[in-house]
Each structure stands twice: as structure tokens, then as C-alpha cells.
>>> print(open('input.cif').read())   # mmCIF, C-alpha atoms
data_upload
#
loop_
_atom_site.label_atom_id
_atom_site.label_comp_id
_atom_site.auth_asym_id
_atom_site.auth_seq_id
_atom_site.Cartn_x
_atom_site.Cartn_y
_atom_site.Cartn_z
CA MET A 1376 191.14 -32.70 168.82
CA GLY A 1377 188.51 -34.32 166.64
CA LYS A 1378 184.80 -34.39 167.38
CA VAL A 1379 183.48 -35.23 170.83
CA ALA A 1380 180.12 -36.95 171.41
CA ILE A 1381 177.95 -37.84 174.39
CA VAL A 1382 175.59 -40.79 173.95
CA THR A 1383 173.07 -41.13 176.78
CA GLY A 1384 172.02 -44.68 177.51
CA GLY A 1385 175.11 -45.57 175.52
CA SER A 1386 175.93 -48.96 177.03
CA ARG A 1387 173.07 -51.18 175.87
CA GLY A 1388 170.96 -51.92 172.81
CA ILE A 1389 170.71 -49.13 170.27
CA GLY A 1390 172.83 -46.82 172.42
CA ALA A 1391 175.69 -49.31 172.60
CA GLU A 1392 175.72 -49.72 168.83
CA ILE A 1393 175.70 -45.94 168.37
CA SER A 1394 178.65 -45.65 170.76
CA ARG A 1395 180.56 -48.29 168.79
CA GLU A 1396 179.71 -46.77 165.40
CA LEU A 1397 180.82 -43.26 166.31
CA ALA A 1398 183.93 -44.39 168.16
CA ARG A 1399 185.03 -46.48 165.18
CA LYS A 1400 184.67 -43.37 163.01
CA GLY A 1401 187.31 -41.63 165.12
CA ILE A 1402 184.94 -39.63 167.31
CA GLN A 1403 185.73 -39.39 171.01
CA VAL A 1404 182.62 -40.88 172.62
CA ILE A 1405 181.48 -40.57 176.22
CA ALA A 1406 179.00 -43.41 176.65
CA ASN A 1407 176.67 -42.61 179.51
CA TYR A 1408 175.07 -45.35 181.60
CA ASN A 1409 172.96 -45.39 184.74
CA LYS A 1410 172.79 -48.90 186.20
CA SER A 1411 174.47 -51.02 183.52
CA GLU A 1412 178.09 -50.47 184.54
CA GLY A 1413 179.07 -53.99 183.47
CA CYS A 1414 177.78 -53.43 179.93
CA ALA A 1415 179.60 -50.10 179.70
CA LYS A 1416 182.89 -51.68 180.79
CA ASP A 1417 182.40 -54.52 178.31
CA ILE A 1418 182.03 -52.11 175.38
CA LYS A 1419 185.04 -50.12 176.56
CA SER A 1420 187.14 -53.29 176.72
CA GLU A 1421 185.84 -54.46 173.33
CA LEU A 1422 186.93 -51.23 171.66
CA GLU A 1423 190.25 -51.13 173.50
CA LYS A 1424 191.13 -54.37 171.69
CA GLU A 1425 190.73 -52.36 168.47
CA SER A 1426 192.93 -49.58 169.89
CA ILE A 1427 189.88 -47.32 170.19
CA ASP A 1428 189.29 -45.21 173.28
CA LEU A 1429 185.73 -45.10 174.64
CA ASP A 1430 185.03 -43.03 177.73
CA ILE A 1431 182.21 -44.13 180.04
CA PHE A 1432 180.39 -42.08 182.67
CA GLN A 1433 177.67 -42.99 185.17
CA ALA A 1434 174.78 -40.54 185.44
CA ASP A 1435 171.02 -40.70 185.85
CA VAL A 1436 170.11 -38.24 183.10
CA SER A 1437 166.56 -37.92 184.40
CA LYS A 1438 168.08 -35.74 187.14
CA ARG A 1439 169.49 -32.27 186.45
CA ASP A 1440 172.38 -32.59 188.91
CA ASP A 1441 173.61 -35.76 187.17
CA VAL A 1442 173.19 -34.10 183.77
CA LYS A 1443 175.38 -31.20 184.93
CA LYS A 1444 178.02 -33.63 186.18
CA LEU A 1445 178.08 -35.53 182.87
CA VAL A 1446 178.27 -32.43 180.70
CA GLY A 1447 180.78 -30.77 183.03
CA TYR A 1448 183.01 -33.85 182.90
CA ALA A 1449 182.99 -33.89 179.10
CA GLN A 1450 183.67 -30.17 178.80
CA GLU A 1451 186.47 -30.18 181.36
CA LYS A 1452 188.21 -33.25 179.91
CA TYR A 1453 187.75 -32.58 176.20
CA GLY A 1454 187.02 -28.86 176.03
CA LYS A 1455 183.87 -29.14 173.93
CA ILE A 1456 180.86 -31.26 172.95
CA ASP A 1457 180.17 -31.45 169.23
CA ILE A 1458 177.52 -34.17 169.19
CA LEU A 1459 174.75 -35.11 171.59
CA VAL A 1460 172.74 -38.28 171.09
CA ASN A 1461 169.74 -38.37 173.43
CA ASN A 1462 169.10 -42.10 173.50
CA ALA A 1463 168.28 -42.88 177.15
CA GLY A 1464 164.81 -44.34 177.42
CA ILE A 1465 162.55 -46.83 179.15
CA SER A 1466 159.24 -48.39 178.17
CA GLU A 1467 156.03 -49.01 180.11
CA TYR A 1468 153.58 -51.64 178.90
CA LYS A 1469 150.21 -51.57 180.66
CA LEU A 1470 146.62 -50.40 180.35
CA PHE A 1471 146.22 -46.63 180.40
CA THR A 1472 143.76 -46.91 183.32
CA ASP A 1473 146.44 -48.73 185.33
CA GLU A 1474 149.09 -46.04 184.84
CA THR A 1475 150.08 -44.06 187.93
CA ASP A 1476 151.59 -40.65 188.51
CA GLU A 1477 154.79 -42.45 189.46
CA ASP A 1478 154.78 -44.21 186.05
CA TRP A 1479 154.24 -40.87 184.32
CA ASN A 1480 157.12 -39.21 186.15
CA ARG A 1481 159.49 -42.13 185.62
CA VAL A 1482 158.83 -42.51 181.87
CA LEU A 1483 158.56 -38.81 181.01
CA ASN A 1484 161.61 -37.86 183.05
CA THR A 1485 163.77 -40.59 181.55
CA ASN A 1486 162.62 -40.29 177.94
CA LEU A 1487 161.80 -36.60 177.53
CA TYR A 1488 163.11 -34.51 180.40
CA SER A 1489 166.58 -36.04 180.01
CA ALA A 1490 166.76 -34.84 176.39
CA TYR A 1491 165.53 -31.38 177.40
CA ALA A 1492 168.06 -31.10 180.23
CA MET A 1493 171.00 -32.54 178.27
CA SER A 1494 170.30 -30.27 175.32
CA GLN A 1495 169.95 -27.23 177.54
CA GLU A 1496 173.34 -27.92 179.13
CA VAL A 1497 175.27 -28.51 175.88
CA VAL A 1498 173.67 -25.85 173.67
CA PRO A 1499 175.54 -22.82 175.08
CA GLY A 1500 178.87 -24.38 174.10
CA MET A 1501 177.56 -25.30 170.66
CA VAL A 1502 176.23 -21.78 170.12
CA HIS A 1503 179.60 -20.35 171.14
CA ASN A 1504 181.33 -22.64 168.61
CA LYS A 1505 178.68 -22.00 165.93
CA SER A 1506 178.51 -25.73 165.35
CA GLY A 1507 176.73 -28.74 166.77
CA CYS A 1508 174.61 -31.81 166.14
CA ILE A 1509 171.83 -33.08 168.41
CA ILE A 1510 170.16 -36.39 167.58
CA ASN A 1511 167.14 -37.59 169.55
CA ILE A 1512 166.23 -41.27 169.46
CA SER A 1513 162.45 -41.28 169.32
CA SER A 1514 160.12 -44.12 168.26
CA ILE A 1515 157.55 -45.10 165.69
CA TRP A 1516 155.03 -44.84 168.54
CA GLY A 1517 155.76 -41.15 168.83
CA LEU A 1518 154.42 -40.83 165.28
CA VAL A 1519 151.37 -43.10 165.38
CA GLY A 1520 150.84 -44.07 169.04
CA GLY A 1521 151.04 -47.51 170.57
CA SER A 1522 148.25 -49.36 172.36
CA LEU A 1523 149.23 -50.19 175.95
CA GLU A 1524 152.20 -47.82 175.57
CA VAL A 1525 150.51 -44.47 176.12
CA LEU A 1526 153.18 -42.93 178.34
CA TYR A 1527 155.98 -44.13 176.07
CA SER A 1528 154.13 -42.72 173.05
CA VAL A 1529 153.57 -39.38 174.78
CA SER A 1530 157.25 -39.11 175.72
CA LYS A 1531 158.43 -39.87 172.20
CA ALA A 1532 155.91 -37.51 170.57
CA GLY A 1533 157.21 -34.82 172.91
CA LEU A 1534 160.75 -35.63 171.84
CA ASP A 1535 159.77 -35.09 168.21
CA GLY A 1536 158.21 -31.74 169.12
CA LEU A 1537 161.40 -30.75 170.92
CA THR A 1538 163.37 -31.72 167.82
CA LYS A 1539 161.34 -29.56 165.43
CA ALA A 1540 161.18 -26.47 167.63
CA LEU A 1541 164.84 -26.61 168.66
CA ALA A 1542 165.95 -27.07 165.05
CA LYS A 1543 164.29 -23.77 164.14
CA GLU A 1544 165.74 -21.95 167.13
CA LEU A 1545 169.30 -23.26 166.75
CA GLY A 1546 169.59 -23.32 162.96
CA PRO A 1547 171.02 -19.76 162.80
CA SER A 1548 173.85 -20.97 165.07
CA ASN A 1549 174.65 -23.81 162.65
CA ILE A 1550 173.36 -26.43 165.07
CA ARG A 1551 171.38 -29.27 163.52
CA VAL A 1552 168.70 -31.11 165.49
CA ASN A 1553 167.06 -34.28 164.19
CA SER A 1554 165.14 -37.26 165.48
CA ILE A 1555 165.34 -40.93 164.52
CA ALA A 1556 162.14 -42.89 165.10
CA PRO A 1557 162.94 -46.62 165.06
CA GLY A 1558 160.31 -49.23 164.37
CA MET A 1559 160.66 -52.76 165.75
CA ILE A 1560 164.33 -53.23 166.60
CA ASP A 1561 165.95 -56.36 168.03
CA THR A 1562 166.83 -55.12 171.52
CA GLN A 1563 166.26 -56.12 175.12
CA MET A 1564 163.37 -53.63 175.29
CA ASN A 1565 161.34 -56.03 173.11
CA ALA A 1566 162.42 -59.18 174.96
CA ASN A 1567 158.89 -59.59 176.34
CA LEU A 1568 157.56 -60.44 172.86
CA SER A 1569 157.13 -64.10 172.02
CA VAL A 1570 158.46 -65.75 168.87
CA GLN A 1571 154.87 -65.86 167.60
CA ASP A 1572 154.45 -62.13 168.27
CA LEU A 1573 157.64 -61.34 166.37
CA GLU A 1574 156.61 -63.50 163.41
CA HIS A 1575 153.26 -61.71 163.26
CA ILE A 1576 155.02 -58.33 163.26
CA LYS A 1577 157.41 -59.49 160.52
CA GLU A 1578 154.39 -60.30 158.34
CA GLU A 1579 153.23 -56.67 158.68
CA ILE A 1580 156.62 -55.21 157.70
CA PRO A 1581 157.13 -54.86 153.92
CA LEU A 1582 160.85 -55.65 154.19
CA GLY A 1583 159.93 -58.78 156.15
CA ASN A 1584 162.33 -58.56 159.06
CA ILE A 1585 163.03 -56.97 162.42
CA GLY A 1586 165.54 -54.12 162.43
CA LYS A 1587 168.96 -54.26 164.09
CA PRO A 1588 170.61 -51.63 166.32
CA LYS A 1589 173.19 -51.22 163.55
CA ASP A 1590 170.44 -49.83 161.28
CA ILE A 1591 169.89 -46.95 163.70
CA ALA A 1592 173.59 -46.41 164.35
CA ARG A 1593 174.26 -46.01 160.62
CA CYS A 1594 171.63 -43.27 160.43
CA VAL A 1595 173.18 -41.51 163.42
CA ASN A 1596 176.55 -41.59 161.68
CA TRP A 1597 175.01 -40.12 158.52
CA LEU A 1598 173.34 -37.31 160.45
CA VAL A 1599 176.64 -36.50 162.14
CA GLU A 1600 178.38 -36.20 158.77
CA ASP A 1601 175.54 -34.42 156.94
CA GLU A 1602 175.50 -30.62 156.92
CA TYR A 1603 172.05 -29.70 155.58
CA THR A 1604 169.49 -31.85 157.39
CA THR A 1605 167.69 -30.44 160.42
CA GLY A 1606 164.27 -30.59 162.07
CA GLN A 1607 163.52 -34.00 160.54
CA ILE A 1608 161.93 -37.11 162.04
CA ILE A 1609 163.54 -40.03 160.22
CA SER A 1610 161.56 -43.22 160.73
CA ILE A 1611 163.51 -46.43 160.21
CA ASN A 1612 160.95 -49.19 160.35
CA GLY A 1613 161.22 -51.40 157.26
CA GLY A 1614 158.06 -49.83 155.82
CA TRP A 1615 155.92 -50.93 158.78
CA VAL A 1616 154.54 -47.38 159.01
CA ILE A 1617 154.79 -44.97 156.12
CA THR A 1618 153.69 -41.40 156.83
#
>>> encode(input="input.cif", output="C-alpha cells")
Amino acid sequence: MGKVAIVTGGSRGIGAEISRELARKGIQVIANYNKSEGCAKDIKSELEKESIDLDIFQADVSKRDDVKKLVGYAQEKYGKIDILVNNAGISEYKLFTDETDEDWNRVLNTNLYSAYAMSQEVVPGMVHNKSGCIINISSIWGLVGGSLEVLYSVSKAGLDGLTKALAKELGPSNIRVNSIAPGMIDTQMNANLSVQDLEHIKEEIPLGNIGKPKDIARCVNWLVEDEYTTGQIISINGGWVIT
């Protein structure tokens, strides 16, 4: 069998495009979803028309029991997991002084704990096989912080820290761990922005446009194929932030 990948949050936005990109490259993809079953089935049907098999699996990856079920399903059905893309994430847009403990738990569990738990469940198999690729989908705000998005920024900065430390620990087992930090991407997560807001942002971006999910999916595909990149935070943002 060829390579097997799990993409968390793989039915919408950036995750959906990653699922499509990898599946079209001949990788067996398990696209995880939580509540968006309809979107997951739509992508599966779309790829079936191209004679491509996409597996879908419902799990709330902010919960360890669901993580175990997802990973167990993949291992039992396909015998291995070569690639893990930790993409599941939610945003929270409000004043820091209005944030609650419930907000903290919801955002940090979905964006950061899920990547920790998923990685912890798949790593033993990767270590045994002396091969693996983990890709965390972070954010530009994890690098520079975002006003009114403190919890989101904290979760993504933590994801970058996880990436760097895990890359050092797993490198001797030939497991590569990297993070992609998208800038402004045209997804439903940014649907709250007005046309005027988007035009203002475009003016700040040297390349003059908003990114597409395909831009992130292409980078994921490259990281899957590459053999010598690990511990890196790759920011794809059109030059909006250059660090």
C-alpha cells in the first residue's frame, strides 16, 4: 500500500483543499470532520467522480477518546499512518478582557491539544516504521500575535513550539515535523470581514492579494515529498509579515 494520511478538520476550507491535494497525489487520505458531515460527504463524492477514494471519519479531536477512535480506525483499516496533518482549528474574535475560561478551553483544546493528542497517538507507529511526516497548520498570528485574537494567537504559538521541540525529539527516528503559518486566506473563517476590510488588508500585502487554500495545500504536498526539512515554521502570507 502507498502512503496513508490523516487530515484533521479535513472537510472544509484549508483542510478540504489539503485532503483533495494529497488524495489526487495517490495518497490514501482519511479526512476527519466533527460537525460538517455534509461537507465531508461532498468532497468524497467529488473525488469519487475522479476515481479517487477518500475516506472520511467523524471525531472531535479535542477529546482524547475520539482521537483514539480515529487513529485506531486508520491503523486497523490501513495498517499504518505515514502522514498527519493537524489542521483542526477554530477562531475567537473578542476583547481579551471579555474572554472566559470556557473560551480558553474551547480554543486551546481544539487548536493545540488536538495536535498534541493526535501526534502522541500516531508517533509510536511512526517510530516503529522509522518514517513519518507531521504537519501542523499554524497561523501568522502565532508568529506576531493578533489584536482581538489573543486565545487564537496563544494556541498557534503553542503549536509552533510543539513543532520545534517534537522535530528535535523525533528526528533520529526519521520523522519530520513542520508547521505552516498561513496569512490571510480566503476561507469561511474570515467571512466576518467586510469587502472594505479585505481591500485594506490587500493594500498591506506586497503581492496584493488574499491567499487561497490551494496555496497552503501545495506547501503540504511539498513537505510530504521533501526528505530534509524539519522543525521549520513556513509562513505563507504574500509578504504581509516577513520575519
>>> residues_near_point(input="input.cif", point="(165.7, -39.2, 170.1)", cutoff="10 Å", atoms="only C-alpha atoms", output="ChimeraX atom specification")
/A:1460-1464,1486-1487,1490,1509-1514,1531-1535,1537-1538,1552-1557,1608
>>> closest_residue(input="input.cif", among="A:Val1382, A:Leu1526, A:Met1501, A:Pro1547", to="A:Glu1477", atoms="all atoms listed in the file")
A:Leu1526
>>> resolve_selection(input="input.cif", expression="the PyMOL selection byres ((chain A and resi 1480) around 12)", output="list in words")
Ser1437, Lys1438, Ile1465, Glu1467, Glu1474, Thr1475, Asp1476, Glu1477, Asp1478, Trp1479, Arg1481, Val1482, Leu1483, Asn1484, Thr1485, Asn1486, Leu1487, Tyr1488, Ser1489, Leu1526, Tyr1527, Val1529 and Ser1530 of chain A
>>> closest_residue(input="input.cif", among="A:Val1616, A:Leu1445, A:Leu1470, A:Ile1389", to="A:Thr1562", atoms="all atoms listed in the file")
A:Ile1389
>>> atom_distance(input="input.cif", atom1="atom CA of A:Ala1398", atom2="atom CA of A:Lys1505")
23.1 Å
>>> closest_residue(input="input.cif", among="A:Val1442, A:Ile1381, A:Ile1560, A:Ala1592", to="A:Arg1399", atoms="all atoms listed in the file")
A:Ala1592
>>> closest_residue(input="input.cif", among="A:Glu1579, A:Asp1457, A:Asp1572, A:Glu1496", to="A:Arg1551", atoms="all atoms listed in the file")
A:Asp1457
>>> atom_distance(input="input.cif", atom1="atom CA of A:Ala1415", atom2="atom CA of A:Glu1396")
14.7 Å
>>> resolve_selection(input="input.cif", expression="the PyMOL selection byres ((chain A and resi 1580) around 12)", output="short mmCIF file (atom, residue, chain, number, x, y, z; two decimals) with C-alpha atoms, in the frame of the given file")
data_model
loop_
_atom_site.label_atom_id
_atom_site.label_comp_id
_atom_site.auth_asym_id
_atom_site.auth_seq_id
_atom_site.Cartn_x
_atom_site.Cartn_y
_atom_site.Cartn_z
CA GLY A 1558 160.31 -49.23 164.37
CA MET A 1559 160.66 -52.76 165.75
CA ILE A 1560 164.33 -53.23 166.60
CA LEU A 1573 157.64 -61.34 166.37
CA GLU A 1574 156.61 -63.50 163.41
CA HIS A 1575 153.26 -61.71 163.26
CA ILE A 1576 155.02 -58.33 163.26
CA LYS A 1577 157.41 -59.49 160.52
CA GLU A 1578 154.39 -60.30 158.34
CA GLU A 1579 153.23 -56.67 158.68
CA PRO A 1581 157.13 -54.86 153.92
CA LEU A 1582 160.85 -55.65 154.19
CA GLY A 1583 159.93 -58.78 156.15
CA ASN A 1584 162.33 -58.56 159.06
CA ILE A 1585 163.03 -56.97 162.42
CA GLY A 1586 165.54 -54.12 162.43
CA ILE A 1611 163.51 -46.43 160.21
CA ASN A 1612 160.95 -49.19 160.35
CA GLY A 1613 161.22 -51.40 157.26
CA GLY A 1614 158.06 -49.83 155.82
CA TRP A 1615 155.92 -50.93 158.78
CA VAL A 1616 154.54 -47.38 159.01
CA ILE A 1617 154.79 -44.97 156.12
#
>>> closest_residue(input="input.cif", among="A:Asn1596, A:Thr1605, A:Asn1504, A:Thr1618", to="A:Ile1402", atoms="all atoms listed in the file")
A:Asn1596
>>> closest_residue(input="input.cif", among="A:Lys1543, A:Arg1395, A:Lys1469, A:Lys1378", to="A:Gly1507", atoms="all atoms listed in the file")
A:Lys1378
>>> atom_distance(input="input.cif", atom1="atom CA of A:Arg1439", atom2="atom CA of A:Ala1406")
17.6 Å
>>> resolve_selection(input="input.cif", expression="the PyMOL selection byres ((chain A and resi 1597) around 12)", output="list of chain:residue names")
A:Ile1393, A:Glu1396, A:Leu1397, A:Lys1400, A:Cys1508, A:Ile1510, A:Asn1553, A:Ile1555, A:Asp1590, A:Ile1591, A:Ala1592, A:Arg1593, A:Cys1594, A:Val1595, A:Asn1596, A:Leu1598, A:Val1599, A:Glu1600, A:Asp1601, A:Glu1602, A:Tyr1603, A:Thr1604, A:Ile1609
>>> axis_aligned_box(input="input.cif", around="stretch 1432-1443 of chain A", padding_each_side="6 Å", output="AutoDock Vina command-line options")
--center_x 173.5 --center_y -37.1 --center_z 185.8 --size_x 25.8 --size_y 23.8 --size_z 18.2
>>> residues_around(input="input.cif", residues="A:Ile1405", least_positions_apart="2", cutoff="8 Å", atoms="all atoms listed in the file", output="list in words")
Val1379, Ala1380, Ile1381, Val1382, Ser1394, Gln1403, Asn1407, Leu1429, Asp1430, Ile1431, Phe1432 and Ala1449 of chain A
>>> decode(input="input.cif", residues="stretch 1410-1450 of chain A", atoms="C-alpha atoms", output="PDB file, in the first residue's frame")
ATOM      1  CA  LYS A1410     -19.863  18.588  12.693  1.00  0.00           C
ATOM      2  CA  SER A1411     -19.551  19.164   8.943  1.00  0.00           C
ATOM      3  CA  GLU A1412     -20.640  15.724   7.741  1.00  0.00           C
ATOM      4  CA  GLY A1413     -22.290  17.174   4.638  1.00  0.00           C
ATOM      5  CA  CYS A1414     -19.068  18.858   3.527  1.00  0.00           C
ATOM      6  CA  ALA A1415     -17.102  15.658   4.100  1.00  0.00           C
ATOM      7  CA  LYS A1416     -19.540  13.626   2.007  1.00  0.00           C
ATOM      8  CA  ASP A1417     -19.439  16.259  -0.742  1.00  0.00           C
ATOM      9  CA  ILE A1418     -15.643  16.033  -1.033  1.00  0.00           C
ATOM     10  CA  LYS A1419     -15.801  12.240  -1.002  1.00  0.00           C
ATOM     11  CA  SER A1420     -18.360  12.278  -3.828  1.00  0.00           C
ATOM     12  CA  GLU A1421     -16.351  14.874  -5.763  1.00  0.00           C
ATOM     13  CA  LEU A1422     -13.238  12.706  -5.704  1.00  0.00           C
ATOM     14  CA  GLU A1423     -15.163   9.520  -6.457  1.00  0.00           C
ATOM     15  CA  LYS A1424     -16.070  11.098  -9.809  1.00  0.00           C
ATOM     16  CA  GLU A1425     -12.313  11.204 -10.472  1.00  0.00           C
ATOM     17  CA  SER A1426     -11.997   7.553  -9.401  1.00  0.00           C
ATOM     18  CA  ILE A1427     -10.187   8.632  -6.234  1.00  0.00           C
ATOM     19  CA  ASP A1428     -11.007   7.099  -2.871  1.00  0.00           C
ATOM     20  CA  LEU A1429     -11.274   9.472   0.095  1.00  0.00           C
ATOM     21  CA  ASP A1430     -12.105   8.044   3.499  1.00  0.00           C
ATOM     22  CA  ILE A1431     -13.994  10.234   5.974  1.00  0.00           C
ATOM     23  CA  PHE A1432     -14.284   9.824   9.737  1.00  0.00           C
ATOM     24  CA  GLN A1433     -16.215  11.774  12.367  1.00  0.00           C
ATOM     25  CA  ALA A1434     -14.293  12.642  15.524  1.00  0.00           C
ATOM     26  CA  ASP A1435     -13.994  15.586  17.895  1.00  0.00           C
ATOM     27  CA  VAL A1436     -10.199  15.710  18.054  1.00  0.00           C
ATOM     28  CA  SER A1437     -10.288  17.981  21.092  1.00  0.00           C
ATOM     29  CA  LYS A1438     -11.205  14.832  23.041  1.00  0.00           C
ATOM     30  CA  ARG A1439      -8.723  12.009  23.659  1.00  0.00           C
ATOM     31  CA  ASP A1440     -11.298   9.224  23.301  1.00  0.00           C
ATOM     32  CA  ASP A1441     -12.278  10.468  19.829  1.00  0.00           C
ATOM     33  CA  VAL A1442      -8.610  10.827  18.882  1.00  0.00           C
ATOM     34  CA  LYS A1443      -8.017   7.194  19.855  1.00  0.00           C
ATOM     35  CA  LYS A1444     -11.000   6.088  17.779  1.00  0.00           C
ATOM     36  CA  LEU A1445      -9.785   7.998  14.702  1.00  0.00           C
ATOM     37  CA  VAL A1446      -6.214   6.749  14.919  1.00  0.00           C
ATOM     38  CA  GLY A1447      -7.347   3.215  15.770  1.00  0.00           C
ATOM     39  CA  TYR A1448      -9.648   3.177  12.747  1.00  0.00           C
ATOM     40  CA  ALA A1449      -6.850   4.263  10.410  1.00  0.00           C
ATOM     41  CA  GLN A1450      -4.370   1.768  11.821  1.00  0.00           C
TER      42      GLN A1450
END
